[in-house]
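So the structure is just underneath, and the comments pick up after that.
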Amino acid sequence: MSNFYNDNDDILFHMKHMDLKRVVDLKEDYFAQKQTHPEAPLDYEDALDNYSRVLEIVGEISGEFVAPRAPEVDIHGATFKNGEVHYAKGTYEAIDRLAKADLMGFTIPRNYGGINMPKTVYSAATEMISRADASLMNVFGLQEIGDTILKFGSDDQKQRYLPRFCSGEVLGSMALTEPDAGSDLQSVMLKAFLDDDGNWRLNGVKRFITNGNAKVSLVMARSEEGSKDGRGISLFIYERDEHMKIRRIEHKLGIHGSPTCEIQFNDAPAELLGRRRMGLIKYTMSLMNGARLGVSAQAVGIAEAAYREADKYSQERVQFKKPIRKFTAISEMLSGMRVHIEAGRTLLYETSKIVDLKEGIEERIEHHPETKADLSDDLKRYSKYAASFTPLLKFYTTEMCNQVCYDALQIHGGVGFTTEFNIERHYRDARITNIYEGTTQLQVVAAIGGVTSGTITSRLSEYENDFDFSGISELFETAKRFRTHLEVVVAHVKEKNDARFSEFHARRLVDIAAYTVISYLLCMDATKSDRKKKVAQAFLVEANHKIQAVFDYVTSDDLSCLDSFDEIIG
Amino acid sequence: MSLKMIVTVKQVPDTHNIVGDAMKPDGTVNRAVLPTIFNPEDLNALEEALSIKETVGGSITVITMGPPKAVEVLKESLYRGADDVVLISDRKFAGADTLATSYALKCAIEKLGDYDLVLCGRQAIDGDTAQVGPQIAEKLGINQITGLVSVLAASKKSITIKRQVDDGFEIVRSKYPLLVTVNSTANEPRSPRAKRVMAYKNIDRKFCDESYVESYLGTDGAQPSPSILSHIREWNVESIGADALQCGLSGSPTKVKKVQNIVLTTSDVKQVPNTDVGISEFMRELMDEHIIG
């Protein structure tokens, strides 16, 4: 067995080369705890060393403990009996293992029992856990619940809940979706009302709740009677008691270890998180963005697992007297998979870093209000980047994950279609990533604004100014040409001023925006390693193809696919 | 009273992950190319101590005898939850066989004073003798139970243990003080704890003579944090009150007469069909040749 951190050159590459100086300064509040907490870092290098050591523990648990249990967890899955959900044995064991290693309060401050890691490190950890067992990510990744209480809860709520999350005593879930409110969360109907004693109570049904059996849930509910839209919705902390009933769990294609529950609240007592009416528009959006980062990391992890299965099989399987990887058709797929995984990973870490900066600045302003004037421009900037990069990331990585799993299964041929090999599990697990926490189609809706408003390109300008690309000028010229193409296409769509036209091409615009951003990021990576130059080269060749095609399509002004909808569909 | 446990551990060459030539031409172990690890069954012994602590309470002190580099296994022990650790290190310990080793460890244990339970790994992967644990018990004059596979019941007064014997298991109960040796099948050792890794990664060792009184690094901030060790204690022959002649090479009657260097080569490849019949025929063959059974 192996350590999923030490055996992954690409994660190690990023951990070695990423510039996290400002992230660390903010996360550590300029090393304010070095005297009070023996586990707090003394300086930047010490913090990086801590990150690496923590990831080594996660890597060991993932590779040596979680991965060997994953096939069993998939077969038995979470079960529902006598009104209660039971995890598979391997899931219980993994949770216990992670909790005992102090890994369940990953990003929570030390004062509450956490280990105060930045999101960037959390993404790397989530990726490794998901490579081992995608379904376990839905427990490990739901640390987001604690993070949301940290951000918006009262001091008292933080004291009561966070230490219990950190110790692993309680797990979390977020109860947002309802039978009639999926992508359209504004139509949430679950009712929150104040009882005679002035306490909040919840009434109604939630559906598709990942880990809905958890001890502590964040429940989105309509607190303003008579309201119809998102402004009537608040977020509540609910702790399991007899007023909540689990009605059933779903039978799913993949992530069998993760229970997806339908739950019913019957006048269940709950407490308000933050302010009334801010439930959807502020807190849930924040929660969802965090979860999208988590699912993106999950997607990269599943893709990594699938790629490795295919790589191994292609070396072992001999046909026509040679290992099948010697055939061009196979080697092309393998190198394509590897390049796209590295593309996804560089975007994952960059986005995580942006989120770290945004949240770090927010926290700094909160704790040191005197810095507000100096930092408010920065905060605006990083908030915009975070809001654009997060959906872009989920859009790219989850689709990429599905493609990688598809190719990895293809390389296995017939045996890949049987349950004897791991690849079919990865293939099934991958399929949810581009659905939950907002489908790919919704990520387009969330990302398109940043593409057309110029947020994405202003980040590209920063890369152009901040980095020395002289060593790879030819590659970088290509990347800059992509940017020009992107800008031309965006201008063309805007000029049309036709909502239908914009909507139709939104997916393509987001797609080439992702390819352009990744091209820049891979160029930045290429300045640090010769191997990365090859990776960037391979990616840019394909990106060129894609961007040119979109350019031709959009500028052709052809909408026949839409115009002829009725004739084609009938 | 709370249970006082001592765990003896050893840093050994990693014989499972050999890179390069593990043996020198003269037949001795080429330690320079072998990465060192925590002896696996010692990790099982530590894990058993930690789980006894979780159920009964108590404290765990880990000791190792070895060169300064052996401090790594002590750090690993701290990462997993040991309360205190001691390095026993002195050039005079060099070249010790099992007799000299168990003597030195016995002296160190006596210097630690009060103890209820000593836990050792069954054997180390570099020598595979399984002698040190039993020898320590003999020298301390206390009960011993070897080959622990599980603890059936533990209290502050006694412990009931299931032990592996040649043809099955025995269940044995003993009062303290007691020494046990632990098998690899007893448990799956826990992972290091992130907080302890970050807190202890830079801990120094410090030579201590007999007059030394342990101090703990407190926290002077507003937030309480469990006190942690400020450094790792290091003892030598004098500080554990050992007779130098009984230590190291001079205390080791074992003499290596000859070392044979055997290189195993693959001579024949046999493919076993992945069918019930294929597998059962193969099993029968292995039993006929007494490879298993």
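By order of appearance in the structure tokens: chains A, B, ..., then residues from 1 within every chain, and ligands from 1 in the order shown.
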| message | Can you work out which residues from chain A touch chain B at a cut-off of 12 Å (counting only C-alpha atoms) and hand them back as a ChimeraX atom specification? | response | /A:1-2,32-42,46-62,64-65,93-94,96-106,109-117,166-167
Next, dump the selected residues to file, keeping only C-alpha atoms, as an mmCIF file, in the first residue's frame.
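The resulting out39.cif:
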```
data_model
loop_
_atom_site.group_PDB
_atom_site.id
_atom_site.type_symbol
_atom_site.label_atom_id
_atom_site.label_comp_id
_atom_site.auth_asym_id
_atom_site.auth_seq_id
_atom_site.Cartn_x
_atom_site.Cartn_y
_atom_site.Cartn_z
ATOM 1 C CA MET A 1 0.000 0.000 0.000
ATOM 2 C CA SER A 2 1.115 3.528 -0.385
ATOM 3 C CA ALA A 32 -0.149 35.369 16.960
ATOM 4 C CA GLN A 33 -0.517 31.920 18.542
ATOM 5 C CA LYS A 34 3.093 30.826 18.506
ATOM 6 C CA GLN A 35 3.456 31.498 22.224
ATOM 7 C CA THR A 36 0.172 30.011 23.310
ATOM 8 C CA HIS A 37 -0.228 26.879 21.206
ATOM 9 C CA PRO A 38 2.664 24.447 20.907
ATOM 10 C CA GLU A 39 1.281 23.198 17.591
ATOM 11 C CA ALA A 40 1.094 26.677 16.040
ATOM 12 C CA PRO A 41 3.812 27.531 13.502
ATOM 13 C CA LEU A 42 6.590 29.985 14.299
ATOM 14 C CA ASP A 46 7.341 26.212 9.798
ATOM 15 C CA ALA A 47 3.734 26.534 8.604
ATOM 16 C CA LEU A 48 4.560 24.929 5.262
ATOM 17 C CA ASP A 49 6.318 22.131 7.094
ATOM 18 C CA ASN A 50 3.194 21.640 9.206
ATOM 19 C CA TYR A 51 1.007 21.475 6.098
ATOM 20 C CA SER A 52 3.216 18.896 4.554
ATOM 21 C CA ARG A 53 3.275 16.789 7.713
ATOM 22 C CA VAL A 54 -0.486 16.934 8.076
ATOM 23 C CA LEU A 55 -0.941 15.934 4.437
ATOM 24 C CA GLU A 56 1.417 13.048 5.032
ATOM 25 C CA ILE A 57 -0.899 11.771 7.749
ATOM 26 C CA VAL A 58 -3.925 12.186 5.489
ATOM 27 C CA GLY A 59 -1.988 10.455 2.694
ATOM 28 C CA GLU A 60 -1.129 7.525 4.939
ATOM 29 C CA ILE A 61 -4.672 7.095 6.185
ATOM 30 C CA SER A 62 -6.045 7.418 2.644
ATOM 31 C CA GLU A 64 -3.223 2.421 3.790
ATOM 32 C CA PHE A 65 -6.490 2.515 5.659
ATOM 33 C CA GLU A 93 -13.654 2.848 10.967
ATOM 34 C CA ALA A 94 -12.415 5.582 8.660
ATOM 35 C CA ASP A 96 -12.844 7.074 13.802
ATOM 36 C CA ARG A 97 -9.375 6.987 12.298
ATOM 37 C CA LEU A 98 -9.621 10.506 10.936
ATOM 38 C CA ALA A 99 -11.031 11.886 14.182
ATOM 39 C CA LYS A 100 -8.302 10.293 16.288
ATOM 40 C CA ALA A 101 -5.689 11.840 14.015
ATOM 41 C CA ASP A 102 -7.158 15.339 14.671
ATOM 42 C CA LEU A 103 -8.356 15.681 11.093
ATOM 43 C CA MET A 104 -12.046 16.451 11.606
ATOM 44 C CA GLY A 105 -11.508 20.103 12.474
ATOM 45 C CA PHE A 106 -9.267 20.707 9.522
ATOM 46 C CA PRO A 109 -9.143 27.575 14.555
ATOM 47 C CA ARG A 110 -7.103 26.017 17.343
ATOM 48 C CA ASN A 111 -9.161 27.702 20.048
ATOM 49 C CA TYR A 112 -12.054 25.422 19.132
ATOM 50 C CA GLY A 113 -9.931 22.309 18.850
ATOM 51 C CA GLY A 114 -9.183 22.468 15.128
ATOM 52 C CA ILE A 115 -5.858 22.440 13.331
ATOM 53 C CA ASN A 116 -6.345 25.732 11.481
ATOM 54 C CA MET A 117 -5.328 24.610 7.996
ATOM 55 C CA CYS A 166 -13.311 18.913 15.750
ATOM 56 C CA SER A 167 -13.210 15.894 18.037
#
```
| strand (DSSP E) per DSSP on the backbone: members of region 128-166 of chain B, as a PyMOL selection string | chain B and resi 143-154+158-165
Selection file, N, CA and C atoms, as a CSV table (one decimal), in the first residue's frame:
```csv
chain,number,residue,atom,x,y,z
B,143,ASN,N,6.2,-11.3,36.5
B,143,ASN,CA,5.4,-12.1,35.6
B,143,ASN,C,5.6,-11.7,34.1
B,144,GLN,N,5.5,-12.6,33.2
B,144,GLN,CA,5.5,-12.3,31.8
B,144,GLN,C,4.4,-13.1,31.1
B,145,ILE,N,3.8,-12.4,30.1
B,145,ILE,CA,2.9,-13.1,29.2
B,145,ILE,C,3.3,-12.8,27.8
B,146,THR,N,3.8,-13.7,27.0
B,146,THR,CA,4.2,-13.4,25.7
B,146,THR,C,3.1,-13.7,24.6
B,147,GLY,N,3.3,-13.1,23.5
B,147,GLY,CA,2.4,-13.4,22.3
B,147,GLY,C,1.0,-12.9,22.5
B,148,LEU,N,0.8,-11.7,23.1
B,148,LEU,CA,-0.5,-11.1,23.3
B,148,LEU,C,-1.2,-10.9,22.0
B,149,VAL,N,-2.4,-11.4,21.8
B,149,VAL,CA,-3.2,-11.1,20.6
B,149,VAL,C,-4.4,-10.2,21.0
B,150,SER,N,-4.9,-10.3,22.2
B,150,SER,CA,-5.9,-9.3,22.6
B,150,SER,C,-6.0,-9.2,24.1
B,151,VAL,N,-6.4,-8.1,24.5
B,151,VAL,CA,-6.7,-7.9,26.0
B,151,VAL,C,-8.2,-8.1,26.2
B,152,LEU,N,-8.5,-9.1,27.0
B,152,LEU,CA,-9.9,-9.4,27.2
B,152,LEU,C,-10.5,-8.6,28.3
B,153,ALA,N,-9.7,-8.3,29.3
B,153,ALA,CA,-10.2,-7.4,30.4
B,153,ALA,C,-9.1,-6.7,31.0
B,154,ALA,N,-9.2,-5.5,31.4
B,154,ALA,CA,-8.1,-4.8,32.1
B,154,ALA,C,-8.7,-3.9,33.2
B,158,SER,N,-5.5,-5.9,37.6
B,158,SER,CA,-5.0,-7.1,36.9
B,158,SER,C,-5.5,-7.0,35.4
B,159,ILE,N,-4.9,-7.9,34.6
B,159,ILE,CA,-5.3,-7.9,33.2
B,159,ILE,C,-5.4,-9.3,32.7
B,160,THR,N,-6.4,-9.5,31.8
B,160,THR,CA,-6.7,-10.8,31.2
B,160,THR,C,-6.3,-10.8,29.8
B,161,ILE,N,-5.5,-11.7,29.4
B,161,ILE,CA,-4.9,-11.6,28.0
B,161,ILE,C,-5.1,-12.9,27.3
B,162,LYS,N,-5.4,-12.7,26.0
B,162,LYS,CA,-5.4,-13.9,25.1
B,162,LYS,C,-4.1,-13.9,24.4
B,163,ARG,N,-3.4,-15.1,24.5
B,163,ARG,CA,-2.0,-15.1,23.9
B,163,ARG,C,-2.0,-16.3,22.9
B,164,GLN,N,-1.1,-16.0,21.9
B,164,GLN,CA,-1.0,-17.0,20.8
B,164,GLN,C,0.1,-18.1,21.3
B,165,VAL,N,-0.3,-19.4,21.2
B,165,VAL,CA,0.7,-20.4,21.4
B,165,VAL,C,0.7,-21.3,20.1
```
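Residues within 7 Å of Ile240 (chain B), counting only C-alpha atoms and excluding same-chain residues fewer than 6 positions away, are Cys107, Ala108 and Lys111 of chain B.
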| task | Skip region 375-382 of chain A itself and residues of its chain fewer than 6 positions away, then list as a list in words all residues within 8 Å of it, counting only C-alpha atoms. | result |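 Everything that qualifies: Ile354, Val355, Leu357, Lys358, Ile361, Glu362 and Ile365 of chain A.
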| task | Can you check which residues of region 99-200 of chain B DSSP gives as helix (DSSP H, G or I) on the backbone and send them as a VMD selection string? | result | chain B and resid 99 to 112 132 to 140 184 to 186 194 to 200
Taking N, CA and C atoms for each residue, export the selection above as an mmCIF file, in the first residue's frame.
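What ended up in again_18.cif:
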```
data_model
loop_
_atom_site.group_PDB
_atom_site.id
_atom_site.type_symbol
_atom_site.label_atom_id
_atom_site.label_comp_id
_atom_site.auth_asym_id
_atom_site.auth_seq_id
_atom_site.Cartn_x
_atom_site.Cartn_y
_atom_site.Cartn_z
ATOM 1 N N LEU B 99 21.132 -10.153 25.595
ATOM 2 C CA LEU B 99 21.381 -10.183 27.040
ATOM 3 C C LEU B 99 21.769 -8.783 27.545
ATOM 4 N N ALA B 100 22.701 -8.169 26.815
ATOM 5 C CA ALA B 100 23.153 -6.832 27.223
ATOM 6 C C ALA B 100 22.041 -5.802 27.039
ATOM 7 N N THR B 101 21.256 -5.983 25.990
ATOM 8 C CA THR B 101 20.152 -5.051 25.745
ATOM 9 C C THR B 101 19.115 -5.127 26.863
ATOM 10 N N SER B 102 18.751 -6.359 27.212
ATOM 11 C CA SER B 102 17.716 -6.496 28.232
ATOM 12 C C SER B 102 18.222 -6.012 29.586
ATOM 13 N N TYR B 103 19.529 -6.146 29.811
ATOM 14 C CA TYR B 103 20.101 -5.635 31.051
ATOM 15 C C TYR B 103 19.967 -4.114 31.107
ATOM 16 N N ALA B 104 20.353 -3.466 30.014
ATOM 17 C CA ALA B 104 20.292 -1.996 29.995
ATOM 18 C C ALA B 104 18.851 -1.517 30.149
ATOM 19 N N LEU B 105 17.937 -2.175 29.457
ATOM 20 C CA LEU B 105 16.533 -1.759 29.542
ATOM 21 C C LEU B 105 15.975 -1.984 30.947
ATOM 22 N N LYS B 106 16.391 -3.088 31.544
ATOM 23 C CA LYS B 106 15.955 -3.369 32.915
ATOM 24 C C LYS B 106 16.431 -2.261 33.858
ATOM 25 N N CYS B 107 17.695 -1.830 33.683
ATOM 26 C CA CYS B 107 18.208 -0.743 34.535
ATOM 27 C C CYS B 107 17.400 0.535 34.320
ATOM 28 N N ALA B 108 17.077 0.813 33.045
ATOM 29 C CA ALA B 108 16.326 2.035 32.740
ATOM 30 C C ALA B 108 14.927 1.971 33.346
ATOM 31 N N ILE B 109 14.303 0.797 33.255
ATOM 32 C CA ILE B 109 12.949 0.641 33.809
ATOM 33 C C ILE B 109 12.974 0.842 35.323
ATOM 34 N N GLU B 110 14.004 0.281 35.962
ATOM 35 C CA GLU B 110 14.102 0.447 37.420
ATOM 36 C C GLU B 110 14.334 1.900 37.797
ATOM 37 N N LYS B 111 15.078 2.585 36.938
ATOM 38 C CA LYS B 111 15.309 3.999 37.231
ATOM 39 C C LYS B 111 14.002 4.801 37.109
ATOM 40 N N LEU B 112 13.149 4.379 36.180
ATOM 41 C CA LEU B 112 11.868 5.076 36.042
ATOM 42 C C LEU B 112 11.038 4.907 37.306
ATOM 43 N N VAL B 132 14.324 -10.336 23.930
ATOM 44 C CA VAL B 132 14.530 -9.191 24.818
ATOM 45 C C VAL B 132 13.402 -9.031 25.841
ATOM 46 N N GLY B 133 12.162 -9.134 25.361
ATOM 47 C CA GLY B 133 11.037 -8.989 26.289
ATOM 48 C C GLY B 133 11.124 -9.966 27.448
ATOM 49 N N PRO B 134 11.150 -11.273 27.141
ATOM 50 C CA PRO B 134 11.235 -12.264 28.230
ATOM 51 C C PRO B 134 12.454 -12.052 29.133
ATOM 52 N N GLN B 135 13.585 -11.657 28.561
ATOM 53 C CA GLN B 135 14.771 -11.449 29.397
ATOM 54 C C GLN B 135 14.592 -10.278 30.361
ATOM 55 N N ILE B 136 13.944 -9.230 29.895
ATOM 56 C CA ILE B 136 13.692 -8.091 30.790
ATOM 57 C C ILE B 136 12.847 -8.553 31.982
ATOM 58 N N ALA B 137 11.787 -9.328 31.676
ATOM 59 C CA ALA B 137 10.908 -9.803 32.753
ATOM 60 C C ALA B 137 11.692 -10.631 33.755
ATOM 61 N N GLU B 138 12.546 -11.515 33.253
ATOM 62 C CA GLU B 138 13.355 -12.351 34.141
ATOM 63 C C GLU B 138 14.238 -11.489 35.053
ATOM 64 N N LYS B 139 14.857 -10.498 34.424
ATOM 65 C CA LYS B 139 15.787 -9.650 35.204
ATOM 66 C C LYS B 139 15.041 -8.795 36.219
ATOM 67 N N LEU B 140 13.829 -8.383 35.859
ATOM 68 C CA LEU B 140 13.038 -7.591 36.809
ATOM 69 C C LEU B 140 12.390 -8.494 37.851
ATOM 70 N N SER B 184 1.850 -8.958 16.131
ATOM 71 C CA SER B 184 1.386 -8.014 15.101
ATOM 72 C C SER B 184 -0.115 -8.125 14.853
ATOM 73 N N THR B 185 -0.706 -9.287 15.173
ATOM 74 C CA THR B 185 -2.138 -9.448 14.899
ATOM 75 C C THR B 185 -3.013 -8.811 15.981
ATOM 76 N N ALA B 186 -2.371 -8.296 17.030
ATOM 77 C CA ALA B 186 -3.154 -7.776 18.158
ATOM 78 C C ALA B 186 -4.004 -6.569 17.783
ATOM 79 N N ALA B 194 -2.309 14.802 14.233
ATOM 80 C CA ALA B 194 -1.799 16.012 13.587
ATOM 81 C C ALA B 194 -1.284 17.036 14.601
ATOM 82 N N LYS B 195 -2.050 17.274 15.655
ATOM 83 C CA LYS B 195 -1.647 18.308 16.614
ATOM 84 C C LYS B 195 -0.343 17.952 17.305
ATOM 85 N N ARG B 196 -0.233 16.689 17.659
ATOM 86 C CA ARG B 196 0.980 16.275 18.373
ATOM 87 C C ARG B 196 2.185 16.307 17.438
ATOM 88 N N VAL B 197 1.954 15.988 16.162
ATOM 89 C CA VAL B 197 3.057 16.058 15.200
ATOM 90 C C VAL B 197 3.569 17.494 15.124
ATOM 91 N N MET B 198 2.641 18.434 15.014
ATOM 92 C CA MET B 198 3.053 19.835 14.882
ATOM 93 C C MET B 198 3.707 20.339 16.168
ATOM 94 N N ALA B 199 3.235 19.832 17.294
ATOM 95 C CA ALA B 199 3.776 20.302 18.567
ATOM 96 C C ALA B 199 5.148 19.704 18.867
ATOM 97 N N TYR B 200 5.361 18.473 18.451
ATOM 98 C CA TYR B 200 6.575 17.765 18.864
ATOM 99 C C TYR B 200 7.633 17.623 17.786
#
```
| query | CA of Asp83 (chain B) to CA of Val118 (chain B): how many Å, to one decimal? | reply |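 Separating CA of Asp83 (chain B) from CA of Val118 (chain B) is a distance of 14.6 Å.
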Return as JSON lines the residues of region 134-232 of chain B lying at most 12 Å from region 8-13 of chain B, together with the closest atom-to-atom pair for each and the distance in Å to one decimal, counting only C-alpha atoms, with rows in chain order and ascending residue number.
```
{"residue": "B:Ile136", "atom": "CA", "partner": "B:Thr8", "partner_atom": "CA", "distance": 10.2}
{"residue": "B:Leu179", "atom": "CA", "partner": "B:Thr8", "partner_atom": "CA", "distance": 10.6}
{"residue": "B:Val180", "atom": "CA", "partner": "B:Thr8", "partner_atom": "CA", "distance": 10.7}
{"residue": "B:Thr181", "atom": "CA", "partner": "B:Thr8", "partner_atom": "CA", "distance": 9.9}
{"residue": "B:Val182", "atom": "CA", "partner": "B:Thr8", "partner_atom": "CA", "distance": 11.2}
```
Atoms to include: N, CA and C atoms. Write the selected residues as a tab-separated table (two decimals), in the first residue's frame.
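The resulting file, selection-v4.tsv, is shown below:
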```tsv
chain	number	residue	atom	x	y	z
B	136	ILE	N	13.94	-9.23	29.90
B	136	ILE	CA	13.69	-8.09	30.79
B	136	ILE	C	12.85	-8.55	31.98
B	179	LEU	N	5.01	-8.06	32.57
B	179	LEU	CA	5.53	-7.70	31.25
B	179	LEU	C	4.80	-8.52	30.20
B	180	VAL	N	4.38	-7.87	29.12
B	180	VAL	CA	3.75	-8.61	28.02
B	180	VAL	C	4.52	-8.32	26.72
B	181	THR	N	4.52	-9.31	25.84
B	181	THR	CA	5.01	-9.03	24.49
B	181	THR	C	3.82	-9.16	23.54
B	182	VAL	N	3.80	-8.28	22.55
B	182	VAL	CA	2.60	-8.11	21.73
B	182	VAL	C	2.85	-8.57	20.29
```
For region 74-129 of chain A versus region 5-18 of chain A, which residues have an atom no more than 12 Å away, and what is each residue's nearest atom pair and distance in Å rounded to one decimal, using only C-alpha atoms, chain-then-number order, as a tab-separated table?
```
residue	atom	partner	partner_atom	distance
A:Thr120	CA	A:Met15	CA	9.5
A:Val121	CA	A:Met15	CA	8.6
A:Ser123	CA	A:Ile11	CA	10.6
A:Ala124	CA	A:Ile11	CA	7.3
A:Ala125	CA	A:Tyr5	CA	8.6
A:Thr126	CA	A:Tyr5	CA	11.4
A:Glu127	CA	A:Ile11	CA	9.7
A:Met128	CA	A:Tyr5	CA	7.2
A:Ile129	CA	A:Tyr5	CA	10.2
```
Generate the output file for the selected residues, C-alpha atoms, as a compact mmCIF listing (two decimals), in the first residue's frame.
```txt
# COMPACT_ATOMS: atom_id res chain seq x y z
CA THR A 120 -5.74 25.02 -0.08
CA VAL A 121 -4.39 22.30 2.19
CA SER A 123 -8.47 20.68 -0.89
CA ALA A 124 -5.34 18.55 -1.17
CA ALA A 125 -6.55 16.44 1.76
CA THR A 126 -10.04 16.09 0.28
CA GLU A 127 -8.53 15.02 -3.00
CA MET A 128 -6.56 12.22 -1.35
CA ILE A 129 -9.51 11.01 0.69
```
Would you list the contacts of region 136-149 of chain A as a JSON list (two decimals) with C-alpha atoms, in the first residue's frame, taking every protein, DNA or RNA residue within 9 Å and counting only C-alpha atoms, but skipping same-chain residues closer than 6 positions in sequence?
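Dumped to result36.json:
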```json
[["chain", "number", "residue", "atom", "x", "y", "z"],
["A", 66, "VAL", "CA", -9.31, 3.97, 3.56],
["A", 70, "ALA", "CA", -13.38, 1.17, -0.25],
["A", 91, "THR", "CA", -16.91, 4.11, 6.87],
["A", 94, "ALA", "CA", -12.42, 5.58, 8.66],
["A", 95, "ILE", "CA", -14.29, 8.33, 10.53],
["A", 98, "LEU", "CA", -9.62, 10.51, 10.94],
["A", 103, "LEU", "CA", -8.36, 15.68, 11.09],
["A", 104, "MET", "CA", -12.05, 16.45, 11.61],
["A", 105, "GLY", "CA", -11.51, 20.10, 12.47],
["A", 106, "PHE", "CA", -9.27, 20.71, 9.52],
["A", 107, "THR", "CA", -9.84, 24.40, 8.91],
["A", 108, "ILE", "CA", -11.29, 25.32, 12.32],
["A", 122, "TYR", "CA", -7.91, 21.06, 2.86],
["A", 126, "THR", "CA", -10.04, 16.09, 0.28],
["A", 127, "GLU", "CA", -8.53, 15.02, -3.00],
["A", 129, "ILE", "CA", -9.51, 11.01, 0.69],
["A", 130, "SER", "CA", -11.62, 10.93, -2.48],
["A", 157, "GLN", "CA", -22.90, 28.68, 19.12],
["A", 158, "LYS", "CA", -19.25, 28.38, 18.16],
["A", 161, "TYR", "CA", -20.69, 23.14, 18.33],
["A", 162, "LEU", "CA", -17.18, 23.57, 17.00],
["A", 165, "PHE", "CA", -17.06, 18.79, 15.25],
["A", 166, "CYS", "CA", -13.31, 18.91, 15.75],
["A", 171, "LEU", "CA", -20.82, 14.99, 12.05],
["A", 172, "GLY", "CA", -22.66, 17.53, 9.97],
["A", 173, "SER", "CA", -25.03, 17.78, 7.06],
["A", 174, "MET", "CA", -26.60, 20.58, 5.11],
["A", 210, "THR", "CA", -26.22, 13.87, 2.02],
["A", 211, "ASN", "CA", -25.42, 12.50, 5.47],
["A", 216, "VAL", "CA", -25.95, 18.46, 13.55],
["A", 217, "SER", "CA", -27.59, 19.85, 10.42],
["A", 218, "LEU", "CA", -27.82, 23.25, 8.90],
["A", 237, "ILE", "CA", -28.80, 24.82, 13.30],
["A", 255, "ILE", "CA", -20.97, 6.83, -3.66],
["A", 257, "GLY", "CA", -20.96, 4.67, 1.42],
["A", 258, "SER", "CA", -22.64, 8.06, 1.68],
["A", 273, "LEU", "CA", -27.80, 30.91, 12.53],
["A", 274, "GLY", "CA", -26.86, 34.52, 11.94],
["A", 283, "TYR", "CA", -25.05, 31.88, 4.32],
["A", 284, "THR", "CA", -26.14, 29.17, 1.93],
["A", 286, "SER", "CA", -21.16, 30.75, 1.20],
["A", 287, "LEU", "CA", -21.80, 27.18, 2.29],
["A", 288, "MET", "CA", -22.41, 26.04, -1.28],
["A", 290, "GLY", "CA", -17.27, 25.85, 0.03],
["A", 291, "ALA", "CA", -19.01, 22.63, -0.92],
["A", 294, "GLY", "CA", -14.93, 20.22, -1.96],
["A", 295, "VAL", "CA", -16.69, 18.47, -4.82],
["A", 298, "GLN", "CA", -13.41, 15.05, -4.93]]
```
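Here CA of Tyr307 (chain A) and CA of Thr439 (chain A) stand 23.5 Å from one another.
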| said: Could you check the closest approach to Leu229 (chain B) for each of B:Val256, B:Ala244, B:Met65, B:Ile203 and tell me which residue wins, using only C-alpha atoms? | reply: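 Closest residue, counting only C-alpha atoms: B:Ile203.
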| said: If we count only C-alpha atoms and set the cut-off at 8 Å, which residues sit around Asp14 (chain B), ignoring sequence neighbours fewer than 2 positions away in its own chain? Please answer as JSON, numbers by chain. | reply: {"B": [12, 16, 17, 18, 34, 35, 36, 37]}
Can those selected residues be exported to a file as a PDB file, in the first residue's frame so that it contains C-alpha atoms?
```pdb
ATOM      1  CA  VAL B  12      15.255  -1.034  12.956  1.00  0.00           C
ATOM      2  CA  HIS B  16      10.520  -4.723   3.682  1.00  0.00           C
ATOM      3  CA  ASN B  17      11.582  -1.796   1.547  1.00  0.00           C
ATOM      4  CA  ILE B  18      15.118  -2.608   0.547  1.00  0.00           C
ATOM      5  CA  LEU B  34      18.519   0.839   4.666  1.00  0.00           C
ATOM      6  CA  PRO B  35      15.908   3.325   5.731  1.00  0.00           C
ATOM      7  CA  THR B  36      15.030   3.000   9.386  1.00  0.00           C
ATOM      8  CA  ILE B  37      11.550   2.463  10.757  1.00  0.00           C
TER       9      ILE B  37
END
```
